[in-house]
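Peer 1: Have a peek at model30.txt (compact mmCIF, C-alpha atoms and all ligand atoms).
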# COMPACT_ATOMS: atom_id res chain seq x y z
CA MET A 21 -10.82 -31.82 1.17
CA PRO A 22 -8.79 -31.93 -2.07
CA CYS A 23 -8.26 -28.93 -4.40
CA LYS A 24 -11.58 -27.85 -5.88
CA ASN A 25 -10.15 -27.71 -9.40
CA CYS A 26 -7.75 -30.62 -9.78
CA ARG A 27 -8.09 -32.84 -6.64
CA GLU A 28 -4.41 -32.24 -5.64
CA LYS A 29 -3.37 -31.57 -2.04
CA PRO A 30 -4.64 -28.09 -1.02
CA VAL A 31 -2.43 -25.32 0.38
CA ILE A 32 -5.08 -22.73 1.24
CA ARG A 33 -8.75 -22.33 2.10
CA LEU A 34 -10.02 -19.09 0.59
CA THR A 35 -11.25 -16.62 3.19
CA ASN A 36 -14.60 -15.83 1.69
CA SER A 37 -15.69 -19.35 0.81
CA ASN A 38 -15.14 -22.97 1.63
CA ILE A 39 -13.00 -23.46 -1.45
CA GLU A 40 -9.58 -25.08 -1.05
CA LEU A 41 -6.89 -24.83 -3.72
CA CYS A 42 -3.59 -26.56 -4.43
CA LYS A 43 -0.40 -24.58 -5.01
CA SER A 44 -0.64 -24.33 -8.78
CA CYS A 45 -4.39 -23.55 -8.82
CA PHE A 46 -3.82 -20.92 -6.09
CA PHE A 47 -1.14 -19.20 -8.18
CA LYS A 48 -3.56 -19.12 -11.15
CA TYR A 49 -6.39 -17.79 -8.95
CA PHE A 50 -4.16 -15.09 -7.44
CA GLU A 51 -2.66 -13.86 -10.71
CA LYS A 52 -6.02 -13.90 -12.49
CA LYS A 53 -7.48 -11.74 -9.73
CA VAL A 54 -4.67 -9.21 -10.14
CA ARG A 55 -5.11 -9.09 -13.93
CA LYS A 56 -8.89 -8.71 -13.51
CA THR A 57 -8.49 -5.80 -11.05
CA ILE A 58 -6.06 -4.09 -13.42
CA SER A 59 -8.40 -4.34 -16.39
CA LYS A 60 -11.69 -3.69 -14.55
CA TYR A 61 -10.41 -0.41 -13.09
CA ASN A 62 -8.10 0.40 -15.99
CA LEU A 63 -5.17 0.67 -13.57
CA ILE A 64 -2.39 0.30 -16.11
CA GLU A 65 -2.26 1.25 -19.77
CA LYS A 66 0.18 0.16 -22.45
CA LYS A 67 3.60 1.84 -22.51
CA GLU A 68 3.18 3.35 -19.05
CA LYS A 69 6.03 3.68 -16.58
CA ILE A 70 5.01 2.13 -13.27
CA ALA A 71 6.81 2.92 -10.03
CA VAL A 72 6.32 0.08 -7.54
CA ALA A 73 6.47 1.20 -3.90
CA CYS A 74 8.59 -1.50 -2.26
CA SER A 75 9.12 -2.06 1.43
CA GLY A 76 10.93 -5.35 1.02
CA GLY A 77 7.90 -7.05 2.60
CA LYS A 78 5.69 -9.81 1.23
CA ASP A 79 3.04 -7.67 -0.49
CA SER A 80 5.32 -5.33 -2.39
CA MET A 81 7.71 -8.13 -3.31
CA SER A 82 4.83 -10.14 -4.81
CA LEU A 83 3.63 -7.03 -6.61
CA LEU A 84 7.06 -6.27 -8.02
CA TYR A 85 7.40 -9.85 -9.22
CA LEU A 86 3.97 -9.88 -10.87
CA LEU A 87 4.26 -6.50 -12.57
CA ASN A 88 7.71 -7.40 -13.83
CA LYS A 89 6.17 -10.59 -15.22
CA LEU A 90 3.46 -8.53 -16.97
CA ALA A 91 5.92 -5.90 -18.22
CA LYS A 92 6.75 -7.47 -21.57
CA LYS A 93 3.20 -8.42 -22.47
CA ARG A 94 1.74 -5.04 -21.52
CA GLU A 95 4.74 -3.07 -22.77
CA ILE A 96 5.16 -1.31 -19.46
CA GLU A 97 8.30 -0.17 -17.72
CA VAL A 98 8.66 -1.17 -14.08
CA VAL A 99 10.87 0.61 -11.57
CA ALA A 100 11.12 -0.01 -7.82
CA VAL A 101 11.01 2.85 -5.31
CA ALA A 102 11.80 2.24 -1.65
CA ILE A 103 11.88 4.35 1.48
CA ASP A 104 14.12 3.74 4.46
CA GLU A 105 12.26 5.29 7.39
CA GLY A 106 15.00 4.42 9.84
CA ILE A 107 13.31 1.81 12.06
CA LYS A 108 15.93 -0.24 13.89
CA ASN A 109 15.74 -4.03 13.48
CA TYR A 110 12.84 -3.71 11.06
CA ARG A 111 13.37 -1.91 7.79
CA ASP A 112 15.82 -3.94 5.81
CA LEU A 113 16.13 -3.37 2.07
CA LYS A 114 19.07 -5.64 1.32
CA TYR A 115 16.98 -8.54 -0.07
CA LEU A 116 14.97 -6.14 -2.18
CA LYS A 117 18.12 -4.59 -3.65
CA LYS A 118 19.53 -8.05 -4.36
CA TYR A 119 16.28 -9.14 -5.99
CA CYS A 120 16.20 -6.03 -8.20
CA LYS A 121 19.80 -6.57 -9.24
CA GLU A 122 19.19 -10.21 -10.13
CA ASN A 123 16.08 -9.33 -12.12
CA ASN A 124 17.42 -6.20 -13.82
CA ILE A 125 14.91 -3.90 -12.14
CA GLU A 126 15.94 -0.29 -11.57
CA ILE A 127 15.61 0.70 -7.91
CA HIS A 128 15.58 4.12 -6.21
CA VAL A 129 15.93 4.41 -2.46
CA SER A 130 15.23 7.55 -0.40
CA SER A 131 15.54 7.85 3.33
CA PHE A 132 13.98 10.00 6.05
CA LYS A 133 17.51 10.69 7.30
CA ASN A 134 18.71 12.12 3.98
CA GLU A 135 15.53 13.97 3.06
CA PHE A 136 14.43 15.31 6.45
CA GLY A 137 17.54 14.96 8.61
CA PHE A 138 16.13 12.42 11.11
CA THR A 139 15.15 8.77 11.26
CA LEU A 140 11.67 7.72 12.35
CA ASP A 141 13.17 6.30 15.57
CA GLN A 142 14.72 9.71 16.35
CA ALA A 143 11.47 11.52 15.52
CA VAL A 144 9.46 9.23 17.81
CA LYS A 145 11.86 9.88 20.70
CA LYS A 146 11.64 13.64 20.17
CA ILE A 147 7.92 14.21 19.57
CA LYS A 148 5.75 12.86 22.34
CA ASN A 149 1.99 12.31 22.12
CA ILE A 150 1.98 11.51 18.43
CA ASN A 151 1.48 8.09 16.95
CA PRO A 152 4.60 6.94 15.06
CA CYS A 153 2.42 5.78 12.15
CA SER A 154 1.05 9.31 11.71
CA ILE A 155 4.58 10.62 11.18
CA CYS A 156 5.68 7.64 9.11
CA GLY A 157 2.63 7.59 6.82
CA VAL A 158 2.77 11.30 5.96
CA LEU A 159 6.52 11.41 5.32
CA ARG A 160 6.61 8.15 3.39
CA ARG A 161 3.74 9.23 1.10
CA ARG A 162 5.61 12.46 0.40
CA LEU A 163 8.84 10.68 -0.52
CA LEU A 164 7.12 8.04 -2.63
CA ASN A 165 5.26 10.66 -4.60
CA LYS A 166 8.42 12.73 -4.98
CA ALA A 167 10.41 9.74 -6.27
CA ALA A 168 7.66 8.67 -8.69
CA HIS A 169 7.31 12.24 -9.94
CA GLU A 170 11.05 12.67 -10.46
CA LEU A 171 11.19 9.37 -12.30
CA LYS A 172 8.34 10.60 -14.54
CA ALA A 173 6.27 7.56 -13.63
CA ASP A 174 2.68 7.49 -14.90
CA LYS A 175 1.47 5.55 -11.87
CA LEU A 176 2.68 4.67 -8.41
CA THR A 177 1.55 1.24 -7.32
CA THR A 178 1.38 -0.07 -3.79
CA GLY A 179 0.85 -3.57 -2.41
CA HIS A 180 -2.22 -2.59 -0.37
CA ASN A 181 -4.51 -5.56 0.01
CA MET A 182 -8.12 -6.00 1.11
CA ASP A 183 -7.20 -6.10 4.80
CA ASP A 184 -5.30 -2.79 4.56
CA GLU A 185 -8.13 -1.15 2.67
CA SER A 186 -10.94 -2.40 4.94
CA GLN A 187 -8.93 -1.08 7.91
CA SER A 188 -8.52 2.33 6.25
CA VAL A 189 -12.26 2.51 5.49
CA MET A 190 -13.16 1.68 9.11
CA MET A 191 -10.51 4.02 10.56
CA ASN A 192 -11.93 6.93 8.58
CA TYR A 193 -15.47 6.08 9.73
CA VAL A 194 -14.45 5.82 13.35
CA ARG A 195 -12.52 9.09 13.18
CA GLY A 196 -15.40 10.79 11.38
CA ASN A 197 -13.16 11.64 8.46
CA LEU A 198 -15.19 10.62 5.43
CA GLU A 199 -13.45 13.07 3.13
CA ARG A 200 -10.24 11.12 3.60
CA SER A 201 -11.96 8.02 2.25
CA THR A 202 -12.31 9.70 -1.15
CA ARG A 203 -8.58 9.03 -1.51
CA LEU A 204 -9.17 5.27 -1.16
CA GLY A 205 -10.26 2.77 -3.82
CA PRO A 206 -8.29 0.75 -6.41
CA ILE A 207 -7.12 3.98 -8.06
CA THR A 208 -6.59 7.26 -6.24
CA GLY A 209 -8.85 9.97 -5.35
CA ILE A 210 -10.68 12.97 -6.49
CA VAL A 211 -7.68 15.24 -6.65
CA LYS A 212 -6.46 15.76 -10.19
CA ASP A 213 -3.21 17.65 -9.79
CA LYS A 214 -0.17 17.06 -11.94
CA ARG A 215 2.05 17.13 -8.87
CA PHE A 216 0.37 13.92 -7.64
CA VAL A 217 1.29 10.67 -9.35
CA PRO A 218 -1.90 8.55 -9.43
CA ARG A 219 -1.76 5.57 -7.07
CA ILE A 220 -3.03 2.14 -7.95
CA LYS A 221 -3.68 -1.01 -5.89
CA PRO A 222 -3.69 -4.20 -7.98
CA PHE A 223 -4.06 -6.38 -4.80
CA TYR A 224 -7.25 -4.58 -3.78
CA PHE A 225 -9.41 -7.73 -3.87
CA LEU A 226 -6.88 -10.10 -2.31
CA THR A 227 -6.75 -10.72 1.42
CA GLU A 228 -3.69 -10.53 3.66
CA LYS A 229 -3.84 -14.31 4.04
CA GLU A 230 -3.75 -14.73 0.26
CA THR A 231 -0.88 -12.28 -0.32
CA ALA A 232 1.13 -13.83 2.53
CA THR A 233 0.53 -17.34 1.17
CA TYR A 234 1.53 -16.28 -2.33
CA ALA A 235 4.81 -14.73 -1.14
CA TYR A 236 5.55 -17.73 1.09
CA LEU A 237 4.90 -20.29 -1.66
CA LYS A 238 6.93 -18.29 -4.18
CA GLN A 239 9.73 -18.30 -1.60
CA PHE A 240 10.47 -14.61 -1.93
CA PRO A 241 13.31 -13.63 0.38
CA VAL A 242 11.18 -11.60 2.78
CA LYS A 243 11.03 -11.42 6.54
CA PHE A 244 7.58 -12.02 8.00
CA ILE A 245 8.09 -9.62 10.92
CA GLU A 246 5.96 -6.72 12.09
CA CYS A 247 7.06 -3.14 12.57
CA PRO A 248 7.73 -2.51 16.31
CA TYR A 249 5.35 0.47 16.21
CA SER A 250 2.40 -1.43 14.70
CA ALA A 251 1.26 -2.78 18.09
CA ILE A 252 0.56 0.74 19.39
CA SER A 253 -1.07 2.00 16.22
CA PHE A 254 -4.76 2.73 15.78
CA ARG A 255 -4.59 0.62 12.63
CA GLY A 256 -3.49 -2.34 14.77
CA GLU A 257 -6.58 -1.95 16.97
CA VAL A 258 -8.90 -1.74 13.97
CA ARG A 259 -7.14 -4.71 12.34
CA ASP A 260 -7.69 -6.89 15.43
CA LEU A 261 -11.32 -5.82 15.61
CA ILE A 262 -12.04 -6.62 11.95
CA ASN A 263 -10.18 -9.93 12.21
CA SER A 264 -12.24 -10.97 15.20
CA ILE A 265 -15.51 -10.11 13.40
CA GLU A 266 -14.27 -11.92 10.26
CA LYS A 267 -13.60 -15.03 12.36
CA ASN A 268 -17.23 -15.27 13.45
CA HIS A 269 -18.71 -13.80 10.27
CA PRO A 270 -16.62 -14.87 7.26
CA GLY A 271 -16.89 -12.43 4.39
CA THR A 272 -16.81 -9.30 6.58
CA LYS A 273 -13.73 -7.81 4.84
CA HIS A 274 -15.25 -8.39 1.40
CA ALA A 275 -18.49 -6.79 2.60
CA ILE A 276 -16.69 -3.70 3.94
CA ILE A 277 -14.84 -3.23 0.64
CA ASN A 278 -17.82 -3.90 -1.60
CA SER A 279 -20.17 -1.58 0.27
CA PHE A 280 -17.45 1.08 0.35
CA LEU A 281 -17.01 0.82 -3.43
CA GLU A 282 -20.76 1.35 -3.85
CA LEU A 283 -20.53 4.51 -1.76
CA LEU A 284 -17.32 5.85 -3.26
CA PRO A 285 -18.78 7.65 -6.34
CA ALA A 286 -21.26 9.48 -4.08
CA LEU A 287 -18.50 10.40 -1.61
CA ARG A 288 -16.26 11.72 -4.38
CA ASN A 289 -19.15 13.74 -5.72
CA LEU A 290 -19.87 15.15 -2.27
CA TYR A 291 -16.29 16.33 -1.75
CA LYS A 292 -15.41 17.26 -5.31
CA GLU A 293 -15.13 20.95 -4.43
CA SER A 294 -12.21 20.30 -2.03
CA LYS A 295 -9.38 22.46 -3.29
CA VAL A 296 -5.72 21.54 -3.44
CA ARG A 297 -3.61 24.39 -2.12
CA THR A 298 0.13 24.95 -2.23
CA CYS A 299 2.15 24.71 0.98
CA ILE A 300 3.71 28.08 1.77
CA HIS A 301 6.93 26.39 2.93
CA CYS A 302 7.70 23.69 0.39
CA GLN A 303 5.35 24.56 -2.51
CA GLU A 304 4.04 20.99 -2.53
CA PRO A 305 0.29 20.29 -2.79
CA SER A 306 -1.53 20.59 0.51
CA SER A 307 -5.06 20.71 1.89
CA GLY A 308 -4.11 23.57 4.25
CA GLU A 309 -1.78 26.56 4.22
CA ILE A 310 1.06 24.36 5.52
CA CYS A 311 1.33 20.73 4.43
CA ASN A 312 1.43 17.87 6.93
CA THR A 313 5.05 17.08 6.07
CA CYS A 314 6.17 20.63 6.95
CA LEU A 315 4.05 20.57 10.12
CA ILE A 316 5.87 17.44 11.29
CA VAL A 317 9.32 18.67 10.25
CA ASN A 318 8.73 22.03 12.01
CA LYS A 319 7.45 20.28 15.13
CA LEU A 320 10.66 18.29 15.27
CA LYS A 321 12.83 21.35 14.81
CA ASN A 322 11.10 23.01 17.75
CA ALA A 323 10.94 19.92 19.97
S1 LIG B 1 3.53 0.28 11.29
FE1 LIG B 1 3.48 2.51 11.36
S2 LIG B 1 5.58 3.12 11.87
FE2 LIG B 1 5.67 1.00 11.17
S3 LIG B 1 6.14 1.09 8.99
FE3 LIG B 1 3.89 1.00 9.18
S4 LIG B 1 3.22 3.14 9.22
FE4 LIG B 1 5.45 3.12 9.62
ZN ZN B 2 -5.52 -27.63 -8.05
ZN ZN B 3 5.15 21.86 2.99
Is it possible to express this structure as C-alpha cells?
Peer 2:
Amino acid sequence: MPCKNCREKPVIRLTNSNIELCKSCFFKYFEKKVRKTISKYNLIEKKEKIAVACSGGKDSMSLLYLLNKLAKKREIEVVAVAIDEGIKNYRDLKYLKKYCKENNIEIHVSSFKNEFGFTLDQAVKKIKNINPCSICGVLRRRLLNKAAHELKADKLTTGHNMDDESQSVMMNYVRGNLERSTRLGPITGIVKDKRFVPRIKPFYFLTEKETATYAYLKQFPVKFIECPYSAISFRGEVRDLINSIEKNHPGTKHAIINSFLELLPALRNLYKESKVRTCIHCQEPSSGEICNTCLIVNKLKNA
C-alpha cells in the first residue's frame, strides 16, 4: 500500500491504524504530534529554559533535536543534561557530547561515581535482592532534578513515549501503588514544591516504534542496544506482556494511556493531601523521613 497522503513508498505502518506513511509524511506526522502535545498540555511556555534529559539513546536524541529546532521559534533555551550511571558496555555519552558540540548545545554530565561514590555496576554487585532498575531509577531522578535545579531550568523534559508510560501505569496497578501514578501524565504530578523541577513528556502520544523509526530515519548517531539489566527488570516483564496483547489487539497501548488520562484528575484529587517532607539526611524532598536516595546510599555503605 502506498503512503496514505502522497502515494510515495511507505516507511512505516502506524501502530493504532492501518495507515502507512512515506518518510517525509512520517516526519510531518511525528513533529505535528509533538507540537500538539506541547500546546494541548501547555508543556512549554515562551522564554523558558528547558533541560533535556539525555541518555544518548534514540528517544532523547530525537527530543533534543526537535526542541533545539523549536528553540528559535518559541524563544526557549535548550540545555542537555546527562547521567552516567556506570553500566559497562552500555552507557556511552560520546556521540551525545559530539552532537551537542556540533549543534552548539550546552551539556552537563553528572555521574553516580562522582555524586555517590559508586557506579551502578558496583552497587548491583554489593546489594543483593534488589532490582538494578530500582537503584538506577531513584538515583538518576535525583541527579536529573539536581542538575535541572542548579541550571535554573523551568522544566525538565524526558523522552518517555507511550510504551514507557503504559508500562508505568500497568506496573503501578500490578504493584497496588496508585498514588505513584499521580506522578505520571504528560506533565508531572501533584507535588508543587520549588525543589522539584516540573517534568514534561512531549513524546507522550508517540509509540516506541514511531520514536525508533524517527531516530533511525534521521540517522542520529545512536546505538540501538538494550541495557544489560533490562531483561531482569519488572518493567521488561510488563513490556513483553503489553506488547503481546497489543499484537492481538492493536490499540491496547493507546487505550491504556487514554483511560489513564481520564482517571488522572480523580487520582490527583484523591491523593492531594500527600505531604512532601524533608529528608533528615540530605534535606531534599522526600515522602518519608529518609529519602529513597539516602536509603540506597546507606544500604551500600553498610553492605
Ligand atoms: S534498564 Fe534499569 S538499570 Fe538499565 S538504564 Fe534503565 S533503569 Fe537503569
Ligand atoms: Zn507521503
Ligand atoms: Zn536524603
Peer 1: For atom CA of A:Lys148 and atom CA of A:Asn165, determine how far apart the two atoms are, in Å to one decimal place.
Peer 2: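 Here the two named atoms are 27.0 Å from each other.
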Peer 1: Show me which residues sit within 9 Å of ligand LIG 1 (chain B) when counting only C-alpha atoms and all ligand atoms, and put them as JSON, numbers by chain.
Peer 2: {"A": [75, 105, 107, 110, 111, 140, 151, 152, 153, 154, 155, 156, 157, 158, 160, 246, 247, 248, 249, 250, 251, 252, 253, 255, 256]}
Peer 1: May I have the residues within 9 Å of A:Phe280 as a PyMOL selection string, using only C-alpha atoms and disregarding those fewer than 5 positions away in the same chain?
Peer 2: chain A and resi 186+189+205+275
Peer 1: What lies within 12 Å of A:Asn134 using only C-alpha atoms, ignoring chain neighbours under 2 positions off, as a PyMOL selection string?
Peer 2: chain A and resi 103-106+129-132+136-140+163
Peer 1: Just to confirm, what's the straight-line distance from atom CA of A:Asn109 to atom CA of A:Lys145 in Å (one decimal)?
Peer 2: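 Between these atoms lies a distance of 16.1 Å.
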Peer 1: Could you build a table of the residues in chain A lying no more than 9 Å from ligand ZN 3 (chain B), giving for each the nearest pair of atoms and their separation in Å rounded to one decimal place, using only C-alpha atoms and all ligand atoms, ordered by chain and ascending residue number, as a Markdown table?
Peer 2:
| residue | atom | partner | partner_atom | distance |
| --- | --- | --- | --- | --- |
| A:Thr298 | CA | B:ZN3 | ZN | 7.9 |
| A:Cys299 | CA | B:ZN3 | ZN | 4.6 |
| A:Ile300 | CA | B:ZN3 | ZN | 6.5 |
| A:His301 | CA | B:ZN3 | ZN | 4.9 |
| A:Cys302 | CA | B:ZN3 | ZN | 4.1 |
| A:Gln303 | CA | B:ZN3 | ZN | 6.1 |
| A:Glu304 | CA | B:ZN3 | ZN | 5.7 |
| A:Pro305 | CA | B:ZN3 | ZN | 7.7 |
| A:Ser306 | CA | B:ZN3 | ZN | 7.2 |
| A:Glu309 | CA | B:ZN3 | ZN | 8.5 |
| A:Ile310 | CA | B:ZN3 | ZN | 5.4 |
| A:Cys311 | CA | B:ZN3 | ZN | 4.2 |
| A:Asn312 | CA | B:ZN3 | ZN | 6.7 |
| A:Thr313 | CA | B:ZN3 | ZN | 5.7 |
| A:Cys314 | CA | B:ZN3 | ZN | 4.3 |
| A:Leu315 | CA | B:ZN3 | ZN | 7.3 |
| A:Val317 | CA | B:ZN3 | ZN | 9.0 |
Peer 1: Atoms to include: C-alpha atoms. Write the selected residues as a compact mmCIF listing (two decimals), keeping the file's coordinate frame.
Peer 2:
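After the write, selection30.txt holds the following:
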# COMPACT_ATOMS: atom_id res chain seq x y z
CA THR A 298 0.13 24.95 -2.23
CA CYS A 299 2.15 24.71 0.98
CA ILE A 300 3.71 28.08 1.77
CA HIS A 301 6.93 26.39 2.93
CA CYS A 302 7.70 23.69 0.39
CA GLN A 303 5.35 24.56 -2.51
CA GLU A 304 4.04 20.99 -2.53
CA PRO A 305 0.29 20.29 -2.79
CA SER A 306 -1.53 20.59 0.51
CA GLU A 309 -1.78 26.56 4.22
CA ILE A 310 1.06 24.36 5.52
CA CYS A 311 1.33 20.73 4.43
CA ASN A 312 1.43 17.87 6.93
CA THR A 313 5.05 17.08 6.07
CA CYS A 314 6.17 20.63 6.95
CA LEU A 315 4.05 20.57 10.12
CA VAL A 317 9.32 18.67 10.25
Peer 1: Kindly provide the residues of chain A that approach ligand ZN 2 (chain B) to within 12 Å, each paired with its closest atom pair and their distance in Å to one decimal, based on all atoms listed in the file, listed by chain and increasing number, as a Markdown table.
Peer 2:
| residue | atom | partner | partner_atom | distance |
| --- | --- | --- | --- | --- |
| A:Met21 | CA | B:ZN2 | ZN | 11.4 |
| A:Pro22 | CA | B:ZN2 | ZN | 8.1 |
| A:Cys23 | CA | B:ZN2 | ZN | 4.7 |
| A:Lys24 | CA | B:ZN2 | ZN | 6.4 |
| A:Asn25 | CA | B:ZN2 | ZN | 4.8 |
| A:Cys26 | CA | B:ZN2 | ZN | 4.1 |
| A:Arg27 | CA | B:ZN2 | ZN | 6.0 |
| A:Glu28 | CA | B:ZN2 | ZN | 5.3 |
| A:Lys29 | CA | B:ZN2 | ZN | 7.5 |
| A:Pro30 | CA | B:ZN2 | ZN | 7.1 |
| A:Val31 | CA | B:ZN2 | ZN | 9.3 |
| A:Ile32 | CA | B:ZN2 | ZN | 10.5 |
| A:Arg33 | CA | B:ZN2 | ZN | 11.9 |
| A:Ile39 | CA | B:ZN2 | ZN | 10.8 |
| A:Glu40 | CA | B:ZN2 | ZN | 8.5 |
| A:Leu41 | CA | B:ZN2 | ZN | 5.3 |
| A:Cys42 | CA | B:ZN2 | ZN | 4.2 |
| A:Lys43 | CA | B:ZN2 | ZN | 6.7 |
| A:Ser44 | CA | B:ZN2 | ZN | 5.9 |
| A:Cys45 | CA | B:ZN2 | ZN | 4.3 |
| A:Phe46 | CA | B:ZN2 | ZN | 7.2 |
| A:Phe47 | CA | B:ZN2 | ZN | 9.5 |
| A:Lys48 | CA | B:ZN2 | ZN | 9.3 |
| A:Tyr49 | CA | B:ZN2 | ZN | 9.9 |
Peer 1: With all atoms listed in the file as the atoms that count, which of A:Gly179, A:Gly196, A:Pro241, A:Pro285 lies nearest to A:Arg219?
Peer 2: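 Comparing A:Gly179, A:Gly196, A:Pro241, A:Pro285 against A:Arg219, the winner is A:Gly179.
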Peer 1: How many Å lie between atom CA of A:Lys221 and atom CA of A:Leu63, rounded to one decimal?
Peer 2: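 The value is 8.0 Å.
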